[in-house]
$ cat final-v1.pdb   # PDB, C-alpha atoms
ATOM      1  CA  ARG U  29      17.219   0.241 153.192  1.00  0.00           C
ATOM      2  CA  LEU U  30      15.548   1.415 156.357  1.00  0.00           C
ATOM      3  CA  GLN U  31      15.949  -0.627 159.515  1.00  0.00           C
ATOM      4  CA  TRP U  32      14.207  -0.668 162.872  1.00  0.00           C
ATOM      5  CA  ASP U  33      16.332   0.423 165.793  1.00  0.00           C
ATOM      6  CA  LYS U  34      15.483  -2.370 168.256  1.00  0.00           C
ATOM      7  CA  ASP U  35      17.543  -0.825 171.092  1.00  0.00           C
ATOM      8  CA  LYS U  36      15.897   2.589 170.793  1.00  0.00           C
ATOM      9  CA  GLU U  37      12.444   1.428 169.848  1.00  0.00           C
ATOM     10  CA  GLU U  38      10.024   4.293 170.231  1.00  0.00           C
ATOM     11  CA  HIS U  39       6.349   4.627 169.522  1.00  0.00           C
ATOM     12  CA  SER U  40       4.605   7.579 167.971  1.00  0.00           C
ATOM     13  CA  PRO U  41       1.117   8.544 169.128  1.00  0.00           C
ATOM     14  CA  GLU U  42      -0.217   6.402 166.276  1.00  0.00           C
ATOM     15  CA  GLY U  43       1.725   3.413 167.670  1.00  0.00           C
ATOM     16  CA  SER U  44       4.181   3.045 164.784  1.00  0.00           C
ATOM     17  CA  GLN U  45       7.876   2.392 165.431  1.00  0.00           C
ATOM     18  CA  GLN U  46      10.540   4.993 164.679  1.00  0.00           C
ATOM     19  CA  ILE U  47      12.700   4.153 161.673  1.00  0.00           C
ATOM     20  CA  LEU U  48      16.372   5.056 161.319  1.00  0.00           C
ATOM     21  CA  ALA U  49      17.518   7.025 158.302  1.00  0.00           C
ATOM     22  CA  PRO U  50      20.037   5.274 156.044  1.00  0.00           C
ATOM     23  CA  HIS U  51      22.885   7.436 157.380  1.00  0.00           C
ATOM     24  CA  GLN U  52      22.031   6.376 160.960  1.00  0.00           C
ATOM     25  CA  VAL U  53      22.262   2.641 160.306  1.00  0.00           C
ATOM     26  CA  GLU U  54      25.545   1.007 161.220  1.00  0.00           C
ATOM     27  CA  ALA U  55      26.720  -0.530 157.979  1.00  0.00           C
ATOM     28  CA  PRO U  56      29.966  -0.629 156.041  1.00  0.00           C
ATOM     29  CA  SER U  57      30.537   2.416 153.876  1.00  0.00           C
ATOM     30  CA  VAL U  58      30.646   2.057 150.119  1.00  0.00           C
ATOM     31  CA  GLU U  59      32.464   3.992 147.441  1.00  0.00           C
ATOM     32  CA  TYR U  60      30.208   6.238 145.397  1.00  0.00           C
ATOM     33  CA  ARG U  61      30.157   9.123 142.928  1.00  0.00           C
ATOM     34  CA  ILE U  62      27.917  12.192 142.967  1.00  0.00           C
ATOM     35  CA  VAL U  63      26.800  12.836 139.384  1.00  0.00           C
ATOM     36  CA  ILE U  64      25.010  16.022 138.368  1.00  0.00           C
ATOM     37  CA  PRO U  65      23.644  16.487 134.866  1.00  0.00           C
ATOM     38  CA  THR U  66      23.623  20.239 134.362  1.00  0.00           C
ATOM     39  CA  LYS U  67      23.013  22.968 131.844  1.00  0.00           C
ATOM     40  CA  GLY U  68      23.383  26.711 132.257  1.00  0.00           C
ATOM     41  CA  ARG U  69      23.818  26.686 136.036  1.00  0.00           C
ATOM     42  CA  TRP U  70      27.182  28.416 135.603  1.00  0.00           C
ATOM     43  CA  ARG U  71      25.107  31.597 135.117  1.00  0.00           C
ATOM     44  CA  SER U  72      24.537  33.994 138.005  1.00  0.00           C
ATOM     45  CA  LEU U  73      21.930  33.352 140.649  1.00  0.00           C
ATOM     46  CA  ARG U  74      20.078  36.534 139.668  1.00  0.00           C
ATOM     47  CA  GLU U  75      19.745  35.310 136.064  1.00  0.00           C
ATOM     48  CA  ILE U  76      18.228  31.977 137.098  1.00  0.00           C
ATOM     49  CA  SER U  77      16.340  32.537 140.346  1.00  0.00           C
ATOM     50  CA  ASP U  78      12.859  34.036 140.552  1.00  0.00           C
ATOM     51  CA  SER U  79      13.405  34.987 144.189  1.00  0.00           C
ATOM     52  CA  ARG U  80      13.564  38.688 145.044  1.00  0.00           C
ATOM     53  CA  LYS U  81      16.324  37.997 147.569  1.00  0.00           C
ATOM     54  CA  ASP U  82      18.530  36.744 144.710  1.00  0.00           C
ATOM     55  CA  ALA U  83      17.885  39.730 142.414  1.00  0.00           C
ATOM     56  CA  HIS U  84      21.353  41.209 142.925  1.00  0.00           C
ATOM     57  CA  ASP U  85      23.399  38.050 143.522  1.00  0.00           C
ATOM     58  CA  VAL U  86      25.931  37.681 140.705  1.00  0.00           C
ATOM     59  CA  ARG U  87      27.586  34.531 142.083  1.00  0.00           C
ATOM     60  CA  PRO U  88      27.281  31.415 139.885  1.00  0.00           C
ATOM     61  CA  PHE U  89      24.108  29.463 140.666  1.00  0.00           C
ATOM     62  CA  ILE U  90      25.907  26.078 140.819  1.00  0.00           C
ATOM     63  CA  LEU U  91      28.284  27.403 143.510  1.00  0.00           C
ATOM     64  CA  VAL U  92      25.579  29.058 145.617  1.00  0.00           C
ATOM     65  CA  LYS U  93      23.063  26.202 145.499  1.00  0.00           C
ATOM     66  CA  THR U  94      24.131  22.716 144.459  1.00  0.00           C
ATOM     67  CA  LEU U  95      27.830  22.743 145.294  1.00  0.00           C
ATOM     68  CA  ALA U  96      27.311  24.770 148.489  1.00  0.00           C
ATOM     69  CA  PHE U  97      24.910  22.048 149.636  1.00  0.00           C
ATOM     70  CA  LEU U  98      27.481  19.323 148.899  1.00  0.00           C
ATOM     71  CA  GLN U  99      30.210  21.289 150.680  1.00  0.00           C
ATOM     72  CA  LYS U 100      27.938  21.724 153.723  1.00  0.00           C
ATOM     73  CA  GLN U 101      27.520  17.930 153.752  1.00  0.00           C
ATOM     74  CA  GLY U 102      31.312  17.435 153.674  1.00  0.00           C
ATOM     75  CA  ILE U 103      31.378  15.848 150.213  1.00  0.00           C
ATOM     76  CA  PRO U 104      34.941  15.917 148.858  1.00  0.00           C
ATOM     77  CA  PRO U 105      35.316  17.501 145.396  1.00  0.00           C
ATOM     78  CA  SER U 106      36.975  14.317 144.144  1.00  0.00           C
ATOM     79  CA  LEU U 107      33.613  12.495 144.395  1.00  0.00           C
ATOM     80  CA  VAL U 108      31.708  15.005 142.259  1.00  0.00           C
ATOM     81  CA  GLU U 109      31.096  14.882 138.509  1.00  0.00           C
ATOM     82  CA  LEU U 110      29.322  17.638 136.576  1.00  0.00           C
ATOM     83  CA  TRP U 111      27.903  16.350 133.286  1.00  0.00           C
ATOM     84  CA  THR U 112      27.292  18.788 130.425  1.00  0.00           C
ATOM     85  CA  ALA U 113      26.091  18.254 126.868  1.00  0.00           C
ATOM     86  CA  ASP U 114      28.915  20.039 125.049  1.00  0.00           C
ATOM     87  CA  ALA U 115      32.468  21.381 125.277  1.00  0.00           C
ATOM     88  CA  GLU U 116      31.417  25.028 125.615  1.00  0.00           C
ATOM     89  CA  GLU U 117      29.313  24.270 128.713  1.00  0.00           C
ATOM     90  CA  ALA U 118      32.130  22.129 130.146  1.00  0.00           C
ATOM     91  CA  GLU U 119      34.566  25.029 129.752  1.00  0.00           C
ATOM     92  CA  ARG U 120      32.183  27.453 131.481  1.00  0.00           C
ATOM     93  CA  TYR U 121      31.761  25.096 134.449  1.00  0.00           C
ATOM     94  CA  THR U 122      35.512  24.536 134.658  1.00  0.00           C
ATOM     95  CA  ASP U 123      36.003  28.316 134.837  1.00  0.00           C
ATOM     96  CA  VAL U 124      33.269  28.778 137.474  1.00  0.00           C
ATOM     97  CA  LEU U 125      34.754  26.092 139.731  1.00  0.00           C
ATOM     98  CA  GLN U 126      37.941  28.183 139.976  1.00  0.00           C
ATOM     99  CA  LYS U 127      35.959  30.971 141.679  1.00  0.00           C
ATOM    100  CA  ASP U 128      35.524  28.931 144.863  1.00  0.00           C
ATOM    101  CA  ALA U 129      38.525  27.724 146.882  1.00  0.00           C
ATOM    102  CA  TYR U 130      36.791  24.493 147.938  1.00  0.00           C
ATOM    103  CA  TRP U 131      35.921  23.432 144.366  1.00  0.00           C
ATOM    104  CA  ALA U 132      38.995  24.846 142.595  1.00  0.00           C
ATOM    105  CA  GLY U 133      41.948  22.581 142.010  1.00  0.00           C
ATOM    106  CA  GLY U 134      40.675  20.253 139.336  1.00  0.00           C
ATOM    107  CA  GLU U 135      39.298  17.482 141.561  1.00  0.00           C
ATOM    108  CA  VAL U 136      35.720  17.885 140.297  1.00  0.00           C
ATOM    109  CA  GLN U 137      35.336  16.079 137.004  1.00  0.00           C
ATOM    110  CA  VAL U 138      33.539  18.105 134.350  1.00  0.00           C
ATOM    111  CA  ARG U 139      32.457  15.554 131.760  1.00  0.00           C
ATOM    112  CA  ILE U 140      30.715  15.811 128.415  1.00  0.00           C
ATOM    113  CA  GLY U 141      27.791  13.513 127.758  1.00  0.00           C
ATOM    114  CA  THR U 142      24.749  13.987 125.583  1.00  0.00           C
ATOM    115  CA  PRO U 143      21.867  16.504 125.271  1.00  0.00           C
ATOM    116  CA  GLY U 144      18.596  15.904 127.129  1.00  0.00           C
ATOM    117  CA  VAL U 145      18.382  15.054 130.817  1.00  0.00           C
ATOM    118  CA  LEU U 146      16.974  11.528 130.348  1.00  0.00           C
ATOM    119  CA  ALA U 147      19.540  10.656 127.683  1.00  0.00           C
ATOM    120  CA  GLN U 148      22.241  12.247 129.848  1.00  0.00           C
ATOM    121  CA  ARG U 149      21.303  10.211 132.935  1.00  0.00           C
ATOM    122  CA  ASN U 150      21.374   7.022 130.861  1.00  0.00           C
ATOM    123  CA  HIS U 151      24.729   8.065 129.372  1.00  0.00           C
ATOM    124  CA  ILE U 152      26.154   8.675 132.855  1.00  0.00           C
ATOM    125  CA  VAL U 153      25.186   5.189 134.008  1.00  0.00           C
ATOM    126  CA  ARG U 154      26.757   3.606 130.910  1.00  0.00           C
ATOM    127  CA  ALA U 155      29.946   5.673 131.385  1.00  0.00           C
ATOM    128  CA  HIS U 156      30.658   4.045 134.763  1.00  0.00           C
ATOM    129  CA  GLU U 157      31.739   0.526 135.571  1.00  0.00           C
ATOM    130  CA  PRO U 158      28.879  -1.834 136.415  1.00  0.00           C
ATOM    131  CA  GLY U 159      28.330  -1.939 140.165  1.00  0.00           C
ATOM    132  CA  THR U 160      29.471   1.658 140.734  1.00  0.00           C
ATOM    133  CA  TYR U 161      27.223   3.418 143.232  1.00  0.00           C
ATOM    134  CA  LEU U 162      25.972   6.650 141.677  1.00  0.00           C
ATOM    135  CA  VAL U 163      24.062   9.362 143.499  1.00  0.00           C
ATOM    136  CA  SER U 164      22.427  11.470 140.806  1.00  0.00           C
ATOM    137  CA  LEU U 165      21.330  14.945 141.887  1.00  0.00           C
ATOM    138  CA  ASP U 166      19.450  17.665 140.069  1.00  0.00           C
ATOM    139  CA  ASP U 167      21.538  20.765 139.389  1.00  0.00           C
ATOM    140  CA  ASP U 168      19.285  23.054 141.429  1.00  0.00           C
ATOM    141  CA  ILE U 169      19.287  21.222 144.768  1.00  0.00           C
ATOM    142  CA  ASP U 170      20.167  23.260 147.834  1.00  0.00           C
ATOM    143  CA  ASP U 171      18.933  21.047 150.663  1.00  0.00           C
ATOM    144  CA  ILE U 172      17.405  17.670 151.500  1.00  0.00           C
ATOM    145  CA  PHE U 173      14.933  16.872 154.221  1.00  0.00           C
ATOM    146  CA  TRP U 174      14.056  13.464 155.595  1.00  0.00           C
ATOM    147  CA  LYS U 175      10.545  12.826 156.851  1.00  0.00           C
ATOM    148  CA  ASN U 176      11.172  10.732 159.947  1.00  0.00           C
ATOM    149  CA  GLN U 177       7.656  10.518 161.355  1.00  0.00           C
ATOM    150  CA  VAL U 178       4.193   9.796 160.051  1.00  0.00           C
ATOM    151  CA  GLY U 179       1.950  12.814 159.653  1.00  0.00           C
ATOM    152  CA  THR U 180       2.558  16.482 159.058  1.00  0.00           C
ATOM    153  CA  GLY U 181       5.125  16.916 161.826  1.00  0.00           C
ATOM    154  CA  ARG U 182       8.737  17.880 161.831  1.00  0.00           C
ATOM    155  CA  LEU U 183      11.223  17.087 159.071  1.00  0.00           C
ATOM    156  CA  ALA U 184      14.720  15.977 160.023  1.00  0.00           C
TER     157      ALA U 184
END
$ encode --input "final-v1.pdb" --output "structure tokens"
Amino acid sequence: RLQWDKDKEEHSPEGSQQILAPHQVEAPSVEYRIVIPTKGRWRSLREISDSRKDAHDVRPFILVKTLAFLQKQGIPPSLVELWTADAEEAERYTDVLQKDAYWAGGEVQVRIGTPGVLAQRNHIVRAHEPGTYLVSLDDDIDDIFWKNQVGTGRLA
């Protein structure tokens, strides 16, 4: 929910008011879980990425991209769940997590759901108690930008 900041009301050249991002609004915090349906992202960056700069990077994709982003945001491992479709994938992710000191230690839950991303997302929702706040992320995210002004200007 976006809210107007009445105390810091500003006007853009178009005359619209500036809106606060959800993380800038003073509101009580809520408990949540970060859920990531994933498949094959335990493989190396060079195997998955089309970028020339990644051609020799043998680090696991999930650690370099998705989990590095969450670590940069200060997300504790205990809030993160990786959802795979089978036991073999779950074992590979469990092994990869041990390669990074921040994610090692068993706090990340590696859970087995069902094949297919749509079916998996529905399975994840059903696997949690009603009312649980879930933040579902794609397994290839490495950053998020917030467009805080109308037009083609700067992203926050």
$ atom_distance --input "final-v1.pdb" --atom1 "atom CA of U:Gly179" --atom2 "atom CA of U:Val163"
27.6 Å
$ resolve_selection --input "final-v1.pdb" --expression "the PyMOL selection byres ((chain U and resi 72-88) around 10)" --output "number ranges by chain"
U: 68-71, 89-93, 121, 124-125, 127-128, 168
$ closest_residue --input "final-v1.pdb" --among "U:Asp166, U:Asp123, U:Glu116, U:Glu157" --to "U:Val63" --atoms "all atoms listed in the file"
U:Asp166
$ residues_around --input "final-v1.pdb" --residues "stretch 102-110 of chain U" --least-positions-apart "2" --cutoff "6 Å" --atoms "all atoms listed in the file" --output "PyMOL selection string"
chain U and resi 61-64+98-100+135-138
$ axis_aligned_box --input "final-v1.pdb" --around "stretch 165-179 of chain U" --padding-each-side "4 Å" --output "AutoDock Vina command-line options"
--center_x 11.7 --center_y 16.5 --center_z 150.4 --size_x 27.6 --size_y 21.5 --size_z 30.0
$ atom_distance --input "final-v1.pdb" --atom1 "atom CA of U:Leu165" --atom2 "atom CA of U:Glu54"
24.2 Å
$ atom_distance --input "final-v1.pdb" --atom1 "atom CA of U:Leu95" --atom2 "atom CA of U:Asp171"
10.5 Å
$ residues_around --input "final-v1.pdb" --residues "U:Gly144" --least-positions-apart "2" --cutoff "12 Å" --atoms "only C-alpha atoms" --output "list of chain:residue names"
U:Pro65, U:Thr66, U:Lys67, U:Trp111, U:Thr112, U:Ala113, U:Asp114, U:Gly141, U:Thr142, U:Leu146, U:Ala147, U:Gln148, U:Arg149, U:Asn150, U:His151, U:Ile152
